[in-house]
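What follows is the content of query.txt (compact mmCIF, C-alpha atoms).
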```
# COMPACT_ATOMS: atom_id res chain seq x y z
CA ASP A 300 -11.52 31.64 -3.49
CA ALA A 301 -11.13 27.94 -2.75
CA GLY A 302 -8.04 26.32 -4.12
CA VAL A 303 -7.73 22.74 -5.27
CA THR A 304 -9.28 20.31 -2.82
CA GLN A 305 -8.80 16.57 -2.60
CA SER A 306 -10.48 13.79 -0.67
CA PRO A 307 -9.84 11.74 1.29
CA THR A 308 -6.62 12.95 2.91
CA HIS A 309 -5.46 9.45 3.83
CA LEU A 310 -6.49 5.99 2.74
CA ILE A 311 -5.41 2.45 3.57
CA LYS A 312 -6.19 -0.41 1.19
CA THR A 313 -5.04 -3.97 0.69
CA ARG A 314 -3.51 -5.49 -2.42
CA GLY A 315 -6.01 -6.28 -5.14
CA GLN A 316 -8.56 -3.73 -3.99
CA GLN A 317 -9.77 -0.76 -5.95
CA VAL A 318 -9.62 2.88 -4.87
CA THR A 319 -11.23 6.13 -5.98
CA LEU A 320 -9.70 9.51 -5.21
CA ARG A 321 -11.48 12.81 -5.76
CA CYS A 322 -10.45 16.30 -6.75
CA SER A 323 -12.20 19.64 -7.10
CA PRO A 324 -10.31 22.19 -9.19
CA LYS A 325 -9.64 25.80 -8.35
CA SER A 326 -12.50 28.09 -9.23
CA GLY A 327 -12.35 29.07 -12.91
CA HIS A 328 -10.19 26.11 -13.93
CA ASP A 329 -11.47 23.45 -16.30
CA THR A 330 -8.47 21.13 -16.58
CA VAL A 331 -7.39 18.58 -14.01
CA SER A 332 -4.14 16.64 -13.94
CA TRP A 333 -3.20 13.77 -11.66
CA TYR A 334 0.26 12.92 -10.36
CA GLN A 335 1.75 10.13 -8.27
CA GLN A 336 4.52 11.09 -5.86
CA ALA A 337 6.43 8.25 -4.24
CA LEU A 338 8.41 8.95 -1.09
CA GLY A 339 11.56 10.91 -1.85
CA GLN A 340 10.66 11.40 -5.51
CA GLY A 341 9.16 14.12 -7.62
CA PRO A 342 5.59 13.91 -8.91
CA GLN A 343 5.02 11.61 -11.90
CA PHE A 344 2.36 12.64 -14.39
CA ILE A 345 -0.52 10.16 -14.70
CA PHE A 346 -2.99 11.92 -16.98
CA GLN A 347 -4.88 15.12 -17.68
CA TYR A 348 -8.59 15.66 -18.20
CA TYR A 349 -10.20 18.46 -20.16
CA GLU A 350 -13.81 18.72 -21.32
CA GLU A 351 -14.52 15.35 -19.68
CA GLU A 352 -11.97 13.61 -21.90
CA GLU A 353 -8.51 12.24 -21.15
CA ARG A 354 -6.34 14.64 -23.11
CA GLN A 355 -2.83 13.51 -22.22
CA ARG A 356 -1.43 10.49 -20.44
CA GLY A 357 1.89 9.60 -18.89
CA ASN A 358 3.49 6.19 -18.63
CA PHE A 359 1.00 4.49 -16.33
CA PRO A 360 -0.84 1.19 -16.88
CA ASP A 361 -4.52 0.90 -17.69
CA ARG A 362 -5.20 0.06 -14.03
CA PHE A 363 -5.12 3.83 -13.59
CA SER A 364 -8.21 5.46 -15.01
CA GLY A 365 -10.05 8.67 -14.47
CA HIS A 366 -13.13 10.66 -15.03
CA GLN A 367 -14.06 14.31 -15.22
CA PHE A 368 -17.54 15.56 -14.45
CA PRO A 369 -19.43 18.46 -16.05
CA ASN A 370 -18.55 20.66 -13.03
CA TYR A 371 -14.83 19.96 -13.82
CA SER A 372 -14.24 17.87 -10.72
CA SER A 373 -12.37 14.65 -11.30
CA GLU A 374 -11.81 11.16 -9.98
CA LEU A 375 -8.78 8.93 -10.17
CA ASN A 376 -9.47 5.20 -10.02
CA VAL A 377 -6.84 2.56 -9.45
CA ASN A 378 -7.77 -1.10 -9.86
CA ALA A 379 -5.98 -4.22 -8.63
CA LEU A 380 -3.83 -2.27 -6.19
CA LEU A 381 -0.18 -3.22 -5.81
CA LEU A 382 2.13 -2.46 -2.92
CA GLY A 383 4.02 -0.14 -5.26
CA ASP A 384 0.93 2.04 -5.68
CA SER A 385 1.53 3.39 -2.16
CA ALA A 386 2.23 7.08 -2.70
CA LEU A 387 0.91 10.60 -2.40
CA TYR A 388 -1.55 11.31 -5.21
CA LEU A 389 -1.65 14.93 -6.25
CA CYS A 390 -4.29 16.70 -8.23
CA ALA A 391 -3.51 19.92 -10.09
CA SER A 392 -5.83 22.23 -11.96
CA SER A 393 -5.22 24.82 -14.64
CA PRO A 394 -7.09 26.81 -17.25
CA GLY A 395 -7.57 24.56 -20.23
CA LEU A 396 -6.14 26.19 -23.31
CA ALA A 397 -2.50 25.13 -23.28
CA GLY A 398 -2.52 21.82 -21.49
CA LEU A 399 0.63 20.98 -19.59
CA GLN A 400 2.19 24.32 -20.56
CA GLU A 401 -0.11 26.11 -18.18
CA THR A 402 0.81 26.87 -14.60
CA GLN A 403 -0.68 24.14 -12.46
CA TYR A 404 -2.22 24.69 -9.05
CA PHE A 405 -1.74 21.72 -6.78
CA GLY A 406 -3.93 20.31 -4.05
CA PRO A 407 -2.74 18.87 -0.74
CA GLY A 408 -2.78 15.30 -2.00
CA THR A 409 -4.23 11.99 -0.88
CA ARG A 410 -1.82 9.65 0.82
CA LEU A 411 -2.55 6.05 -0.16
CA LEU A 412 -1.06 3.12 1.69
CA VAL A 413 -1.44 -0.34 0.19
CA LEU A 414 -0.86 -3.24 2.57
CA ALA B 123 11.91 9.73 -23.14
CA GLN B 124 12.62 12.95 -21.36
CA SER B 125 14.16 12.94 -17.90
CA VAL B 126 15.04 15.60 -15.35
CA SER B 127 18.02 15.53 -13.00
CA GLN B 128 18.43 17.66 -9.93
CA HIS B 129 22.00 17.49 -8.74
CA ASN B 130 21.59 18.05 -5.05
CA HIS B 131 19.31 16.10 -2.76
CA HIS B 132 19.77 18.34 0.28
CA VAL B 133 21.38 21.78 0.48
CA ILE B 134 22.08 23.54 3.76
CA LEU B 135 22.90 27.25 3.75
CA SER B 136 23.13 30.08 6.23
CA GLU B 137 20.97 33.15 5.80
CA ALA B 138 22.33 35.67 3.28
CA ALA B 139 24.26 32.99 1.41
CA SER B 140 23.78 32.71 -2.34
CA LEU B 141 21.85 29.79 -3.77
CA GLU B 142 22.14 27.85 -6.99
CA LEU B 143 20.18 24.64 -7.52
CA GLY B 144 21.01 22.62 -10.58
CA CYS B 145 18.54 21.15 -13.04
CA ASN B 146 19.38 19.29 -16.22
CA TYR B 147 17.02 17.61 -18.64
CA SER B 148 17.37 15.22 -21.51
CA TYR B 149 15.26 16.18 -24.51
CA GLY B 150 16.47 17.53 -27.79
CA GLY B 151 13.48 19.56 -28.85
CA THR B 152 11.69 22.65 -27.63
CA VAL B 153 10.84 22.56 -23.95
CA ASN B 154 8.84 24.44 -21.38
CA LEU B 155 10.61 24.65 -18.04
CA PHE B 156 9.31 25.17 -14.53
CA TRP B 157 10.47 25.45 -10.96
CA TYR B 158 7.91 24.55 -8.31
CA VAL B 159 8.39 24.97 -4.57
CA GLN B 160 6.78 23.27 -1.60
CA TYR B 161 7.09 25.14 1.69
CA PRO B 162 6.63 23.09 4.88
CA GLY B 163 2.97 22.23 5.32
CA GLN B 164 1.92 23.84 2.06
CA HIS B 165 1.01 22.73 -1.44
CA LEU B 166 3.33 22.72 -4.43
CA GLN B 167 3.29 26.13 -6.06
CA LEU B 168 4.90 27.70 -9.09
CA LEU B 169 8.09 29.67 -8.51
CA LEU B 170 8.83 30.58 -12.13
CA LYS B 171 8.57 29.25 -15.67
CA TYR B 172 10.24 29.60 -19.06
CA PHE B 173 8.50 29.16 -22.39
CA SER B 174 10.45 31.35 -24.81
CA GLY B 175 12.25 34.65 -25.11
CA ASP B 176 14.72 35.96 -22.56
CA PRO B 177 16.49 32.93 -21.10
CA LEU B 178 16.81 34.65 -17.73
CA VAL B 179 13.50 34.30 -15.97
CA LYS B 180 12.50 36.07 -12.79
CA GLY B 181 10.02 34.55 -10.38
CA ILE B 182 8.51 35.26 -7.02
CA LYS B 183 10.43 36.05 -3.84
CA GLY B 184 13.60 37.13 -5.62
CA PHE B 185 14.27 33.84 -7.39
CA GLU B 186 15.51 33.63 -10.96
CA ALA B 187 16.51 30.86 -13.34
CA GLU B 188 18.60 30.77 -16.47
CA PHE B 189 17.85 28.53 -19.41
CA ILE B 190 21.05 27.45 -21.16
CA LYS B 191 19.97 25.47 -24.19
CA SER B 192 23.44 24.20 -25.07
CA LYS B 193 23.80 22.69 -21.61
CA PHE B 194 20.21 21.45 -21.30
CA SER B 195 20.09 23.25 -17.98
CA PHE B 196 17.67 25.46 -16.07
CA ASN B 197 19.39 26.32 -12.80
CA LEU B 198 17.61 28.20 -10.04
CA ARG B 199 19.36 31.07 -8.27
CA LYS B 200 18.84 33.53 -5.48
CA PRO B 201 21.56 36.00 -4.42
CA SER B 202 20.69 36.01 -0.71
CA VAL B 203 18.53 33.33 0.90
CA GLN B 204 16.29 33.82 3.91
CA TRP B 205 15.18 31.38 6.58
CA SER B 206 11.72 31.45 4.97
CA ASP B 207 13.18 29.93 1.78
CA THR B 208 13.45 26.60 3.58
CA ALA B 209 11.46 24.29 1.32
CA GLU B 210 11.65 21.56 -1.29
CA TYR B 211 12.32 22.71 -4.83
CA PHE B 212 11.29 20.77 -7.93
CA CYS B 213 12.37 21.33 -11.49
CA ALA B 214 9.91 20.22 -14.18
CA VAL B 215 10.05 19.90 -17.95
CA ASN B 216 7.27 19.71 -20.50
CA ALA B 217 8.51 18.90 -23.97
CA TYR B 218 6.63 21.05 -26.46
CA ASN B 219 3.82 19.06 -28.07
CA ASN B 220 4.66 16.15 -25.79
CA ASN B 221 2.07 14.40 -23.72
CA ASP B 222 4.06 14.38 -20.55
CA MET B 223 5.40 16.49 -17.73
CA ARG B 224 8.53 15.29 -15.94
CA PHE B 225 9.60 16.42 -12.49
CA GLY B 226 13.01 16.02 -10.93
CA ALA B 227 13.37 14.24 -7.61
CA GLY B 228 13.55 17.55 -5.77
CA THR B 229 16.14 19.40 -3.71
CA ARG B 230 15.50 20.06 -0.07
CA LEU B 231 16.84 23.44 0.99
CA THR B 232 17.45 24.19 4.66
CA VAL B 233 18.38 27.75 5.55
CA LYS B 234 19.86 28.23 9.01
CA PRO B 235 19.00 31.50 10.76
```

Go ahead and render the structure in this file as structure tokens.
Amino acid sequence: DAGVTQSPTHLIKTRGQQVTLRCSPKSGHDTVSWYQQALGQGPQFIFQYYEEEERQRGNFPDRFSGHQFPNYSSELNVNALLLGDSALYLCASSPGLAGLQETQYFGPGTRLLVL
Amino acid sequence: AQSVSQHNHHVILSEAASLELGCNYSYGGTVNLFWYVQYPGQHLQLLLKYFSGDPLVKGIKGFEAEFIKSKFSFNLRKPSVQWSDTAEYFCAVNAYNNNDMRFGAGTRLTVKP
């Protein structure tokens, strides 16, 4: 049973560029959440997708957007990259019924460096 | 807005010592509480969680946590740590009916053999 997978593992971009990160949820899960984890900090909730809709959102600007596909996989898009967007981006999946109350299963993350 | 504080950044213990990691949150309403752990080279995984009922929650690998509502705390405990407990521990809070999940900054635990 494959767990949560993310791609790519590492990425280097320059300021002002756009980036797309991808996530495939654990088998049987239909909800995907995205987190940003800066160095030395805990994960910060970006948003959660369920049934191809953004269901919940944390305190992140509109430069952060996402998408969920019919097969439950998800993308995180960040536009107009800033140096401060450099972080580890984590994807977590869960069964959909109870949103953020459910146990979340985390992927290995994508490390983004913005130069 | 809710916030989560973990008191210790780095804790170093010898094997068989007892462990208590502090977690406090700021939110006045009903909360769901979690402890996640990240072992070296592995993904974040759930250690235990509290939604309601008995405030003493037992998790995997002998860990437990106690929810004390009056103190806004959810401290993690283990009576006797092992070298394999070396990891980073994160406390997280989801305010009931709130569109957010807040993690603390994490506590790195090093257990010396």

**Shell around region 393-404 of chain A at 6 Å using all atoms listed in the file, local window under 4 positions removed, as a list in words** =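 Returned residues: His328, Asp329 and Thr330 of chain A.
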
**Message:** Using all atoms listed in the file and a distance of at most 8 Å, pull out the residues of chain A that contact chain B, as a list in words.
**Reply:**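 Residues of chain A within 8 Å of chain B, counting all atoms listed in the file: Gly339, Gln340, Gly341, Pro342, Gln343, Phe344, Gln355, Arg356, Gly357, Leu399, Gln400, Thr402, Gln403, Tyr404, Phe405, Gly406 and Pro407 of chain A.
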
Write the residues of the selection above to a file with C-alpha atoms, as a PDB file, keeping the file's coordinate frame.
```pdb
ATOM      1  CA  GLY A 339      11.560  10.910  -1.850  1.00  0.00           C
ATOM      2  CA  GLN A 340      10.660  11.400  -5.510  1.00  0.00           C
ATOM      3  CA  GLY A 341       9.160  14.120  -7.620  1.00  0.00           C
ATOM      4  CA  PRO A 342       5.590  13.910  -8.910  1.00  0.00           C
ATOM      5  CA  GLN A 343       5.020  11.610 -11.900  1.00  0.00           C
ATOM      6  CA  PHE A 344       2.360  12.640 -14.390  1.00  0.00           C
ATOM      7  CA  GLN A 355      -2.830  13.510 -22.220  1.00  0.00           C
ATOM      8  CA  ARG A 356      -1.430  10.490 -20.440  1.00  0.00           C
ATOM      9  CA  GLY A 357       1.890   9.600 -18.890  1.00  0.00           C
ATOM     10  CA  LEU A 399       0.630  20.980 -19.590  1.00  0.00           C
ATOM     11  CA  GLN A 400       2.190  24.320 -20.560  1.00  0.00           C
ATOM     12  CA  THR A 402       0.810  26.870 -14.600  1.00  0.00           C
ATOM     13  CA  GLN A 403      -0.680  24.140 -12.460  1.00  0.00           C
ATOM     14  CA  TYR A 404      -2.220  24.690  -9.050  1.00  0.00           C
ATOM     15  CA  PHE A 405      -1.740  21.720  -6.780  1.00  0.00           C
ATOM     16  CA  GLY A 406      -3.930  20.310  -4.050  1.00  0.00           C
ATOM     17  CA  PRO A 407      -2.740  18.870  -0.740  1.00  0.00           C
TER      18      PRO A 407
END
```

**Asked** Could you state the separation of CA of Gln160 (chain B) and CA of Ala386 (chain A) in Å, given to one decimal place?
**Response**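 So the answer is 16.9 Å.
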
**Request:** Go ahead and compute the interatomic distance for CA of Lys325 (chain A) and CA of Ser373 (chain A), in Å to one decimal.
**Result:**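 Computing it gives 11.9 Å between the two atoms.
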
**Prompt:** Separation of CA of Glu210 (chain B) and CA of Val159 (chain B), in Å?
**Reply:**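 Rounded to one decimal, the two atoms are 5.7 Å apart.
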
**Message:** Show me, as number ranges by chain, the residues that have an atom within 6 Å of region 190-204 of chain B when counting only C-alpha atoms, minus same-chain residues fewer than 5 positions from it.
**Reply:** B: 137-147, 185

**Point (1.2, -4.7, -3.2), cut-off 8 Å, counting all atoms listed in the file, residues as a list in words** =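 Here is the list of nearby residues: Thr313, Arg314, Gly315, Leu380, Leu381, Leu382, Gly383, Asp384, Val413 and Leu414 of chain A.
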
**Request:** Would you mind listing what lies within 6 Å of region 387-390 of chain A as a count of residues only, with all atoms listed in the file counted and same-chain residues fewer than 5 positions away left out?
**Result:** 10

**Neighbours of point (13.6, 13.4, -29.2) within 9 Å, using all atoms listed in the file, written as a VMD selection string** = chain B and resid 123 to 124 148 to 151

**Request:** Would you mind telling me which residue in A:Cys322, A:Leu412, A:Val303, A:Leu338 lies nearest to Gln367 (chain A) when using only C-alpha atoms?
**Result:**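 Closest candidate: A:Cys322.
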
So for region 350-356 of chain A, what box centre and size do we get, axis-aligned, 8 Å extra on each of the six sides, every listed atom, Å to one decimal, as AutoDock Vina command-line options?
```
--center_x -8.0 --center_y 14.6 --center_z -21.4 --size_x 29.1 --size_y 24.2 --size_z 19.4
```

Could you rebuild region 345-366 of chain A with N, CA and C atoms and give it back as a CSV table (one decimal), in the frame of the given file?
```
chain,number,residue,atom,x,y,z
A,345,ILE,N,0.3,11.3,-14.4
A,345,ILE,CA,-0.5,10.2,-14.7
A,345,ILE,C,-1.3,10.5,-15.9
A,346,PHE,N,-2.2,11.5,-15.8
A,346,PHE,CA,-3.0,11.9,-17.0
A,346,PHE,C,-3.6,13.3,-16.7
A,347,GLN,N,-4.2,13.8,-17.8
A,347,GLN,CA,-4.9,15.1,-17.7
A,347,GLN,C,-6.3,15.0,-18.3
A,348,TYR,N,-7.2,15.7,-17.7
A,348,TYR,CA,-8.6,15.7,-18.2
A,348,TYR,C,-9.0,17.1,-18.5
A,349,TYR,N,-9.7,17.2,-19.7
A,349,TYR,CA,-10.2,18.5,-20.2
A,349,TYR,C,-11.5,18.2,-20.9
A,350,GLU,N,-12.5,18.9,-20.7
A,350,GLU,CA,-13.8,18.7,-21.3
A,350,GLU,C,-14.3,17.3,-21.2
A,351,GLU,N,-14.1,16.7,-20.0
A,351,GLU,CA,-14.5,15.4,-19.7
A,351,GLU,C,-13.8,14.2,-20.5
A,352,GLU,N,-12.7,14.6,-21.1
A,352,GLU,CA,-12.0,13.6,-21.9
A,352,GLU,C,-10.5,13.5,-21.4
A,353,GLU,N,-9.9,12.4,-21.5
A,353,GLU,CA,-8.5,12.2,-21.2
A,353,GLU,C,-7.7,12.8,-22.3
A,354,ARG,N,-7.0,13.9,-22.0
A,354,ARG,CA,-6.3,14.6,-23.1
A,354,ARG,C,-4.9,14.2,-23.3
A,355,GLN,N,-4.2,13.9,-22.2
A,355,GLN,CA,-2.8,13.5,-22.2
A,355,GLN,C,-2.6,12.5,-21.1
A,356,ARG,N,-1.7,11.6,-21.4
A,356,ARG,CA,-1.4,10.5,-20.4
A,356,ARG,C,0.1,10.2,-20.3
A,357,GLY,N,0.5,10.0,-19.1
A,357,GLY,CA,1.9,9.6,-18.9
A,357,GLY,C,2.0,8.1,-19.0
A,358,ASN,N,3.2,7.6,-18.5
A,358,ASN,CA,3.5,6.2,-18.6
A,358,ASN,C,2.9,5.4,-17.5
A,359,PHE,N,1.7,5.3,-17.4
A,359,PHE,CA,1.0,4.5,-16.3
A,359,PHE,C,0.1,3.4,-17.0
A,360,PRO,N,0.0,2.3,-16.3
A,360,PRO,CA,-0.8,1.2,-16.9
A,360,PRO,C,-2.3,1.5,-16.9
A,361,ASP,N,-3.1,0.7,-17.6
A,361,ASP,CA,-4.5,0.9,-17.7
A,361,ASP,C,-5.3,0.7,-16.4
A,362,ARG,N,-4.6,0.2,-15.4
A,362,ARG,CA,-5.2,0.1,-14.0
A,362,ARG,C,-5.6,1.5,-13.5
A,363,PHE,N,-4.9,2.4,-14.0
A,363,PHE,CA,-5.1,3.8,-13.6
A,363,PHE,C,-6.1,4.4,-14.6
A,364,SER,N,-7.2,4.8,-14.1
A,364,SER,CA,-8.2,5.5,-15.0
A,364,SER,C,-8.8,6.7,-14.3
A,365,GLY,N,-9.5,7.5,-15.1
A,365,GLY,CA,-10.0,8.7,-14.5
A,365,GLY,C,-11.4,9.1,-15.1
A,366,HIS,N,-11.9,10.1,-14.5
A,366,HIS,CA,-13.1,10.7,-15.0
A,366,HIS,C,-13.2,12.1,-14.7
```
